[in-house]
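As provided, final06.txt (compact mmCIF, C-alpha atoms) reads as follows.
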# COMPACT_ATOMS: atom_id res chain seq x y z
CA MET O 670 0.00 0.00 0.00
CA GLU O 671 1.38 3.37 -1.00
CA LYS O 672 2.08 6.10 1.53
CA SER O 673 -0.57 8.42 0.05
CA GLU O 674 -3.22 5.68 0.36
CA ARG O 675 -2.38 5.12 4.01
CA HIS O 676 -2.73 8.86 4.67
CA GLN O 677 -6.09 8.88 2.92
CA ILE O 678 -7.32 5.97 5.06
CA LYS O 679 -6.26 7.77 8.25
CA ARG O 680 -7.96 10.96 7.09
CA ASN O 681 -11.15 9.02 6.42
CA GLU O 682 -11.00 7.41 9.87
CA ILE O 683 -10.57 10.81 11.50
CA LEU O 684 -13.49 12.21 9.50
CA VAL O 685 -15.66 9.27 10.56
CA LEU O 686 -14.76 9.86 14.21
CA LEU O 687 -15.52 13.57 13.88
CA GLU O 688 -18.87 12.83 12.29
CA LYS O 689 -19.75 10.40 15.09
CA GLY O 690 -18.72 12.98 17.67
CA TYR O 691 -20.84 15.63 15.98
CA ASP O 692 -23.81 13.27 15.84
CA LEU O 693 -23.44 12.57 19.58
CA ILE O 694 -23.32 16.28 20.35
CA LEU O 695 -26.50 16.84 18.34
CA LYS O 696 -28.18 13.88 20.03
CA TYR O 697 -27.27 14.96 23.59
CA LYS O 698 -27.02 18.71 23.09
CA LYS O 699 -29.58 19.43 25.84
CA GLU O 700 -27.80 17.20 28.33
CA ILE O 701 -24.44 18.73 27.43
CA LEU O 702 -25.87 22.25 27.80
CA TYR O 703 -27.35 21.38 31.22
CA PHE O 704 -24.03 19.87 32.31
CA PHE O 705 -22.10 23.05 31.49
CA LEU O 706 -24.79 25.20 33.09
CA VAL O 707 -24.51 23.15 36.30
CA ILE O 708 -20.71 23.44 36.24
CA PHE O 709 -21.00 27.20 35.72
CA ALA O 710 -23.53 27.55 38.56
CA ILE O 711 -21.35 25.53 40.95
CA SER O 712 -18.29 27.59 40.02
CA LEU O 713 -20.23 30.81 40.57
CA LEU O 714 -21.49 29.65 43.98
CA LEU O 715 -17.99 28.55 44.99
CA TRP O 716 -16.50 31.88 43.91
CA GLY O 717 -19.20 33.74 45.85
CA PHE O 718 -18.62 31.66 48.98
CA ILE O 719 -14.83 32.16 48.87
CA SER O 720 -15.25 35.91 48.25
CA TYR O 721 -17.67 36.14 51.19
CA LYS O 722 -15.26 34.28 53.49
CA ASN O 723 -12.35 36.49 52.43
CA LEU O 724 -14.43 39.62 53.00
CA ARG O 725 -15.44 38.46 56.49
CA ALA O 726 -11.85 37.55 57.33
CA LYS O 727 -10.64 40.98 56.17
CA HIS O 728 -13.34 42.78 58.16
CA ALA O 729 -12.57 40.72 61.27
CA GLY O 730 -8.88 41.57 60.89
CA MET O 731 -9.69 45.28 60.72
CA LEU O 732 -11.82 45.05 63.87
CA LEU O 733 -9.06 43.16 65.66
CA SER O 734 -6.51 45.83 64.70
CA GLN O 735 -8.83 48.49 66.15
CA ALA O 736 -9.22 46.52 69.39
CA LEU O 737 -5.43 46.30 69.74
CA SER O 738 -4.59 49.83 68.62
CA GLU O 739 -6.01 51.53 71.69
CA ASP O 740 -4.08 52.35 74.87
CA SER O 741 -5.20 49.05 76.36
CA ILE O 742 -6.73 45.98 74.74
CA ASN O 743 -10.49 46.43 74.28
CA TYR O 744 -11.87 43.12 75.52
CA GLU O 745 -15.47 44.03 74.70
CA LYS O 746 -14.50 44.34 71.05
CA LEU O 747 -12.56 41.09 71.29
CA LYS O 748 -15.64 39.28 72.61
CA ASN O 749 -17.67 40.63 69.72
CA ILE O 750 -15.06 39.47 67.19
CA SER O 751 -14.75 36.08 68.87
CA THR O 752 -18.53 35.55 68.70
CA LYS O 753 -19.32 36.91 65.23
CA TYR O 754 -16.16 35.82 63.40
CA LYS O 755 -15.18 32.67 65.28
CA ASN O 756 -14.22 30.74 62.12
CA THR O 757 -11.77 33.40 60.93
CA LEU O 758 -8.13 33.72 61.97
CA ALA O 759 -8.90 37.06 63.65
CA GLY O 760 -11.76 35.40 65.55
CA LYS O 761 -9.41 32.71 66.83
CA GLU O 762 -6.86 35.35 67.81
CA ALA O 763 -9.52 37.31 69.71
CA ASP O 764 -10.69 34.15 71.46
CA LEU O 765 -7.11 33.36 72.48
CA LEU O 766 -6.52 36.85 73.89
CA ILE O 767 -9.67 36.47 76.00
CA GLU O 768 -8.46 33.06 77.17
CA ILE O 769 -5.07 34.56 78.09
CA LYS O 770 -6.80 37.21 80.18
CA ASP O 771 -8.86 34.57 82.00
CA GLY O 772 -5.73 32.54 82.75
CA LYS O 773 -7.68 29.40 83.62
CA ASP O 774 -5.59 26.81 81.78
CA PRO O 775 -2.12 28.25 80.99
CA GLN O 776 -0.72 25.06 79.46
CA ARG O 777 -3.65 24.75 77.05
CA THR O 778 -3.31 28.44 76.24
CA SER O 779 0.40 28.00 75.59
CA LYS O 780 -0.30 25.27 73.03
CA LYS O 781 -2.89 27.48 71.32
CA ILE O 782 -0.31 30.28 71.10
CA ASP O 783 2.16 27.91 69.41
CA ASN O 784 -0.50 26.86 66.91
CA LEU O 785 -1.49 30.43 66.00
CA LEU O 786 2.06 31.73 65.78
CA GLY O 787 2.55 29.45 62.79
CA LYS O 788 -0.28 31.26 60.96
CA ILE O 789 0.04 34.89 62.07
CA LYS O 790 2.22 37.41 60.23
CA ASP O 791 1.01 40.63 61.86
CA PRO O 792 3.95 41.87 64.01
CA ILE O 793 1.75 43.45 66.70
CA MET O 794 -0.27 40.30 67.25
CA ARG O 795 2.86 38.13 67.17
CA GLY O 796 4.47 40.37 69.78
CA ILE O 797 1.44 40.09 72.07
CA LEU O 798 1.34 36.30 71.80
CA ILE O 799 5.10 35.91 72.27
CA ALA O 800 5.04 38.12 75.38
CA ASN O 801 2.10 36.18 76.83
CA LYS O 802 3.69 32.78 76.18
CA ILE O 803 6.81 33.97 78.00
CA GLU O 804 4.63 35.27 80.84
CA ILE O 805 2.98 31.84 81.11
CA ASN O 806 6.37 30.11 81.25
CA ILE O 807 7.60 32.57 83.89
CA ASN O 808 4.52 31.91 86.03
CA LEU O 809 5.14 28.18 85.67
CA LYS O 810 8.83 28.77 86.53
CA ARG O 811 9.91 27.34 83.19
CA TYR O 812 12.68 29.87 82.68
CA GLU O 813 14.87 27.81 80.36
CA GLU O 814 11.89 27.01 78.16
CA ALA O 815 11.00 30.71 78.08
CA LEU O 816 14.55 31.67 77.05
CA ASN O 817 14.70 29.02 74.32
CA PHE O 818 11.33 30.10 72.96
CA LEU O 819 12.44 33.75 72.95
CA LYS O 820 15.63 32.86 71.05
CA ASP O 821 13.57 30.99 68.45
CA GLU O 822 11.37 34.07 67.96
CA LYS O 823 14.20 36.63 68.01
CA ASP O 824 13.97 37.42 64.30
CA SER O 825 10.23 38.10 64.45
CA ILE O 826 10.35 40.87 67.08
CA SER O 827 12.27 44.13 67.47
CA GLU O 828 15.62 44.09 69.28
CA ASP O 829 14.47 46.37 72.12
CA PHE O 830 11.47 44.09 72.72
CA TYR O 831 13.79 41.08 72.70
CA LEU O 832 16.07 42.73 75.31
CA PHE O 833 13.12 43.60 77.52
CA LEU O 834 11.64 40.10 77.46
CA ASN O 835 15.05 38.52 77.95
CA ALA O 836 15.71 40.76 80.97
CA LYS O 837 12.29 39.93 82.41
CA ILE O 838 12.97 36.19 82.25
CA LEU O 839 16.38 36.65 83.88
CA GLU O 840 14.86 38.86 86.56
CA TYR O 841 12.26 36.31 87.60
CA GLU O 842 14.83 33.55 87.41
CA GLY O 843 16.78 35.41 90.08
CA LYS O 844 19.67 36.45 87.83
CA THR O 845 19.43 40.07 88.91
CA GLU O 846 22.74 41.38 87.59
CA GLU O 847 22.23 39.82 84.16
CA ALA O 848 18.70 41.27 84.06
CA LYS O 849 20.03 44.72 84.98
CA ALA O 850 22.59 44.53 82.19
CA GLN O 851 19.86 43.77 79.64
CA TYR O 852 17.60 46.56 80.91
CA GLN O 853 20.50 49.00 80.89
CA ARG O 854 21.46 48.05 77.36
CA LEU O 855 17.90 48.73 76.23
CA ILE O 856 17.95 52.16 77.92
CA ASN O 857 21.34 53.08 76.43
CA GLU O 858 20.93 51.79 72.89
CA PHE O 859 17.26 52.50 72.15
CA GLN O 860 16.59 56.13 72.97
CA ASP O 861 13.27 56.22 71.10
CA SER O 862 11.89 52.93 72.41
CA ASN O 863 8.61 52.97 74.30
CA LEU O 864 10.06 50.21 76.47
CA ARG O 865 12.77 52.48 77.99
CA TYR O 866 10.36 53.72 80.66
CA LEU O 867 9.36 50.17 81.67
CA ALA O 868 13.02 49.09 81.67
CA GLN O 869 13.93 52.03 83.92
CA GLN O 870 11.09 51.10 86.29
CA ARG O 871 12.43 47.55 86.56
CA MET O 872 15.95 48.90 87.12
CA ASN O 873 14.67 51.07 89.99
CA VAL O 874 13.02 48.04 91.60
CA LEU O 875 16.11 45.86 91.20
Would you mind writing the file's structure down as structure tokens?
Amino acid sequence: MEKSERHQIKRNEILVLLEKGYDLILKYKKEILYFFLVIFAISLLLWGFISYKNLRAKHAGMLLSQALSEDSINYEKLKNISTKYKNTLAGKEADLLIEIKDGKDPQRTSKKIDNLLGKIKDPIMRGILIANKIEININLKRYEEALNFLKDEKDSISEDFYLFLNAKILEYEGKTEEAKAQYQRLINEFQDSNLRYLAQQRMNVL
């Protein structure tokens, strides 16, 4: 069989397949149309649901920022966020801050802090959670654990904040001179830090 004849046979086979496919489309055109309409409707619903969730999460984050941007944490706002937006990250953060304030189960709270720190990027919220985890470890007299945790989080907080928390751990551990050295370094090296006043207070007590 010549090459041209083989090509012609293949072309005929392809044409036959195309004709069969066209006939099937004509036969089931309503079903095919319904199928694509269903797929489109599902896609539209899914897009709407995701957009709604993202909008709620963004709004909850804004409310959380407002609750934390005041002179002291607004726990009434946190309760509102925790109730209305409990399935969002901000809602979980608000719930955790309320739990920290209650202080009923510090070990459980500490585990929750670890879990959320892996998801949170906001530096203010991270700082609050880091400080509270260290406070929990200090209250439980787990000073070495507190120091190791602080070292692990060193790159995610400012240096003056790191010095203050480090000094606080040393202070409660009874290492007064080392704590003083850290507080003094903060006072000397960070003239514009809001923590200088707190560091000076601790120095006066020590």
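One distance worth recording is that between CA of Gly787 (chain O) and CA of Gly760 (chain O), which is 15.7 Å.
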Residue contacts of Glu822 (chain O) (10 Å, only C-alpha atoms) excluding same-chain residues fewer than 3 positions away, as a count of residues only: 11
Selection near Asn806 (chain O), 12 Å with only C-alpha atoms, sequence-local residues under 3 positions removed, as number ranges by chain: O: 775-776, 778-780, 799-803, 809-819, 834, 837-838, 841-842
Residue among O:Phe833, O:Ile719, O:Gly772, O:Glu804 lying closest to Asn863 (chain O), counting all atoms listed in the file: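 Distance minimum relative to Asn863 (chain O) lands on O:Phe833.
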Within 9 Å of Ile856 (chain O) using only C-alpha atoms, minus same-chain residues under 4 positions, as a PyMOL selection string: chain O and resi 829+851-852+860+862+864-866+868-869
Best match for closeness to Lys746 (chain O) among O:Leu766, O:Leu758, O:Leu839, O:Leu832, counting all atoms listed in the file: O:Leu766
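The shortest atom-to-atom distance to Tyr744 (chain O), with all atoms listed in the file taken into account, belongs to O:Leu732 out of O:Ile793, O:Ala710, O:Leu798, O:Leu732.
Between CA of Val874 (chain O) and CA of Ile797 (chain O) there is a distance of 24.1 Å.
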Distance criterion (all atoms listed in the file): nearest to Leu737 (chain O) out of O:Asp771, O:Asp791, O:Glu700, O:Glu828: O:Asp791
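Nearest to Asn723 (chain O) of all the residues O:Leu765, O:Leu702, O:Ala759, O:Leu867 is O:Ala759, based on only C-alpha atoms.
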Counting all atoms listed in the file, the residue of O:Glu745, O:Tyr697, O:Leu855, O:Lys788 that sits nearest Ser827 (chain O): O:Leu855
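Between CA of Ser741 (chain O) and CA of Ile767 (chain O) the interatomic distance comes to 13.4 Å.
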Save region 702-813 of chain O of the structure in the block above to a file, with C-alpha atoms included, as a PDB file, in the first residue's frame.
ATOM      1  CA  LEU O 702     -25.870  22.246  27.802  1.00  0.00           C
ATOM      2  CA  TYR O 703     -27.348  21.381  31.217  1.00  0.00           C
ATOM      3  CA  PHE O 704     -24.026  19.872  32.310  1.00  0.00           C
ATOM      4  CA  PHE O 705     -22.101  23.048  31.494  1.00  0.00           C
ATOM      5  CA  LEU O 706     -24.787  25.199  33.094  1.00  0.00           C
ATOM      6  CA  VAL O 707     -24.512  23.149  36.296  1.00  0.00           C
ATOM      7  CA  ILE O 708     -20.712  23.438  36.245  1.00  0.00           C
ATOM      8  CA  PHE O 709     -21.000  27.203  35.724  1.00  0.00           C
ATOM      9  CA  ALA O 710     -23.532  27.553  38.558  1.00  0.00           C
ATOM     10  CA  ILE O 711     -21.354  25.532  40.954  1.00  0.00           C
ATOM     11  CA  SER O 712     -18.293  27.594  40.016  1.00  0.00           C
ATOM     12  CA  LEU O 713     -20.235  30.807  40.571  1.00  0.00           C
ATOM     13  CA  LEU O 714     -21.485  29.651  43.984  1.00  0.00           C
ATOM     14  CA  LEU O 715     -17.988  28.545  44.986  1.00  0.00           C
ATOM     15  CA  TRP O 716     -16.498  31.876  43.910  1.00  0.00           C
ATOM     16  CA  GLY O 717     -19.202  33.741  45.847  1.00  0.00           C
ATOM     17  CA  PHE O 718     -18.617  31.657  48.975  1.00  0.00           C
ATOM     18  CA  ILE O 719     -14.825  32.160  48.868  1.00  0.00           C
ATOM     19  CA  SER O 720     -15.254  35.907  48.246  1.00  0.00           C
ATOM     20  CA  TYR O 721     -17.669  36.139  51.191  1.00  0.00           C
ATOM     21  CA  LYS O 722     -15.262  34.283  53.486  1.00  0.00           C
ATOM     22  CA  ASN O 723     -12.346  36.492  52.430  1.00  0.00           C
ATOM     23  CA  LEU O 724     -14.430  39.617  52.999  1.00  0.00           C
ATOM     24  CA  ARG O 725     -15.439  38.458  56.491  1.00  0.00           C
ATOM     25  CA  ALA O 726     -11.847  37.554  57.330  1.00  0.00           C
ATOM     26  CA  LYS O 727     -10.643  40.983  56.166  1.00  0.00           C
ATOM     27  CA  HIS O 728     -13.340  42.775  58.164  1.00  0.00           C
ATOM     28  CA  ALA O 729     -12.572  40.720  61.268  1.00  0.00           C
ATOM     29  CA  GLY O 730      -8.882  41.569  60.889  1.00  0.00           C
ATOM     30  CA  MET O 731      -9.694  45.277  60.718  1.00  0.00           C
ATOM     31  CA  LEU O 732     -11.825  45.054  63.869  1.00  0.00           C
ATOM     32  CA  LEU O 733      -9.056  43.161  65.657  1.00  0.00           C
ATOM     33  CA  SER O 734      -6.506  45.829  64.705  1.00  0.00           C
ATOM     34  CA  GLN O 735      -8.832  48.488  66.149  1.00  0.00           C
ATOM     35  CA  ALA O 736      -9.221  46.523  69.386  1.00  0.00           C
ATOM     36  CA  LEU O 737      -5.434  46.299  69.738  1.00  0.00           C
ATOM     37  CA  SER O 738      -4.587  49.831  68.615  1.00  0.00           C
ATOM     38  CA  GLU O 739      -6.013  51.527  71.687  1.00  0.00           C
ATOM     39  CA  ASP O 740      -4.076  52.352  74.874  1.00  0.00           C
ATOM     40  CA  SER O 741      -5.205  49.052  76.362  1.00  0.00           C
ATOM     41  CA  ILE O 742      -6.731  45.976  74.743  1.00  0.00           C
ATOM     42  CA  ASN O 743     -10.487  46.427  74.281  1.00  0.00           C
ATOM     43  CA  TYR O 744     -11.873  43.123  75.518  1.00  0.00           C
ATOM     44  CA  GLU O 745     -15.475  44.031  74.701  1.00  0.00           C
ATOM     45  CA  LYS O 746     -14.503  44.339  71.049  1.00  0.00           C
ATOM     46  CA  LEU O 747     -12.558  41.095  71.289  1.00  0.00           C
ATOM     47  CA  LYS O 748     -15.641  39.277  72.613  1.00  0.00           C
ATOM     48  CA  ASN O 749     -17.674  40.632  69.718  1.00  0.00           C
ATOM     49  CA  ILE O 750     -15.059  39.474  67.185  1.00  0.00           C
ATOM     50  CA  SER O 751     -14.753  36.076  68.869  1.00  0.00           C
ATOM     51  CA  THR O 752     -18.526  35.551  68.701  1.00  0.00           C
ATOM     52  CA  LYS O 753     -19.317  36.913  65.230  1.00  0.00           C
ATOM     53  CA  TYR O 754     -16.161  35.823  63.403  1.00  0.00           C
ATOM     54  CA  LYS O 755     -15.180  32.668  65.283  1.00  0.00           C
ATOM     55  CA  ASN O 756     -14.220  30.738  62.121  1.00  0.00           C
ATOM     56  CA  THR O 757     -11.766  33.401  60.932  1.00  0.00           C
ATOM     57  CA  LEU O 758      -8.126  33.721  61.975  1.00  0.00           C
ATOM     58  CA  ALA O 759      -8.902  37.058  63.653  1.00  0.00           C
ATOM     59  CA  GLY O 760     -11.756  35.400  65.549  1.00  0.00           C
ATOM     60  CA  LYS O 761      -9.410  32.707  66.831  1.00  0.00           C
ATOM     61  CA  GLU O 762      -6.859  35.351  67.810  1.00  0.00           C
ATOM     62  CA  ALA O 763      -9.521  37.309  69.706  1.00  0.00           C
ATOM     63  CA  ASP O 764     -10.692  34.152  71.463  1.00  0.00           C
ATOM     64  CA  LEU O 765      -7.111  33.356  72.475  1.00  0.00           C
ATOM     65  CA  LEU O 766      -6.520  36.846  73.885  1.00  0.00           C
ATOM     66  CA  ILE O 767      -9.668  36.468  76.001  1.00  0.00           C
ATOM     67  CA  GLU O 768      -8.463  33.057  77.167  1.00  0.00           C
ATOM     68  CA  ILE O 769      -5.071  34.556  78.085  1.00  0.00           C
ATOM     69  CA  LYS O 770      -6.804  37.206  80.181  1.00  0.00           C
ATOM     70  CA  ASP O 771      -8.864  34.567  82.003  1.00  0.00           C
ATOM     71  CA  GLY O 772      -5.725  32.544  82.752  1.00  0.00           C
ATOM     72  CA  LYS O 773      -7.685  29.403  83.621  1.00  0.00           C
ATOM     73  CA  ASP O 774      -5.593  26.815  81.782  1.00  0.00           C
ATOM     74  CA  PRO O 775      -2.120  28.247  80.986  1.00  0.00           C
ATOM     75  CA  GLN O 776      -0.721  25.057  79.463  1.00  0.00           C
ATOM     76  CA  ARG O 777      -3.646  24.745  77.054  1.00  0.00           C
ATOM     77  CA  THR O 778      -3.314  28.443  76.241  1.00  0.00           C
ATOM     78  CA  SER O 779       0.404  28.002  75.587  1.00  0.00           C
ATOM     79  CA  LYS O 780      -0.305  25.268  73.029  1.00  0.00           C
ATOM     80  CA  LYS O 781      -2.886  27.478  71.317  1.00  0.00           C
ATOM     81  CA  ILE O 782      -0.313  30.280  71.098  1.00  0.00           C
ATOM     82  CA  ASP O 783       2.163  27.909  69.410  1.00  0.00           C
ATOM     83  CA  ASN O 784      -0.497  26.864  66.909  1.00  0.00           C
ATOM     84  CA  LEU O 785      -1.488  30.428  65.998  1.00  0.00           C
ATOM     85  CA  LEU O 786       2.062  31.730  65.782  1.00  0.00           C
ATOM     86  CA  GLY O 787       2.555  29.450  62.789  1.00  0.00           C
ATOM     87  CA  LYS O 788      -0.281  31.257  60.964  1.00  0.00           C
ATOM     88  CA  ILE O 789       0.040  34.890  62.068  1.00  0.00           C
ATOM     89  CA  LYS O 790       2.216  37.408  60.234  1.00  0.00           C
ATOM     90  CA  ASP O 791       1.008  40.631  61.856  1.00  0.00           C
ATOM     91  CA  PRO O 792       3.952  41.866  64.015  1.00  0.00           C
ATOM     92  CA  ILE O 793       1.750  43.453  66.703  1.00  0.00           C
ATOM     93  CA  MET O 794      -0.265  40.297  67.250  1.00  0.00           C
ATOM     94  CA  ARG O 795       2.858  38.130  67.168  1.00  0.00           C
ATOM     95  CA  GLY O 796       4.471  40.366  69.784  1.00  0.00           C
ATOM     96  CA  ILE O 797       1.438  40.091  72.075  1.00  0.00           C
ATOM     97  CA  LEU O 798       1.336  36.301  71.795  1.00  0.00           C
ATOM     98  CA  ILE O 799       5.100  35.910  72.272  1.00  0.00           C
ATOM     99  CA  ALA O 800       5.043  38.118  75.378  1.00  0.00           C
ATOM    100  CA  ASN O 801       2.104  36.184  76.829  1.00  0.00           C
ATOM    101  CA  LYS O 802       3.688  32.778  76.185  1.00  0.00           C
ATOM    102  CA  ILE O 803       6.811  33.972  77.997  1.00  0.00           C
ATOM    103  CA  GLU O 804       4.629  35.269  80.843  1.00  0.00           C
ATOM    104  CA  ILE O 805       2.978  31.841  81.110  1.00  0.00           C
ATOM    105  CA  ASN O 806       6.370  30.106  81.247  1.00  0.00           C
ATOM    106  CA  ILE O 807       7.603  32.567  83.888  1.00  0.00           C
ATOM    107  CA  ASN O 808       4.518  31.909  86.033  1.00  0.00           C
ATOM    108  CA  LEU O 809       5.138  28.175  85.671  1.00  0.00           C
ATOM    109  CA  LYS O 810       8.828  28.775  86.534  1.00  0.00           C
ATOM    110  CA  ARG O 811       9.912  27.335  83.193  1.00  0.00           C
ATOM    111  CA  TYR O 812      12.680  29.866  82.684  1.00  0.00           C
ATOM    112  CA  GLU O 813      14.872  27.807  80.357  1.00  0.00           C
TER     113      GLU O 813
END
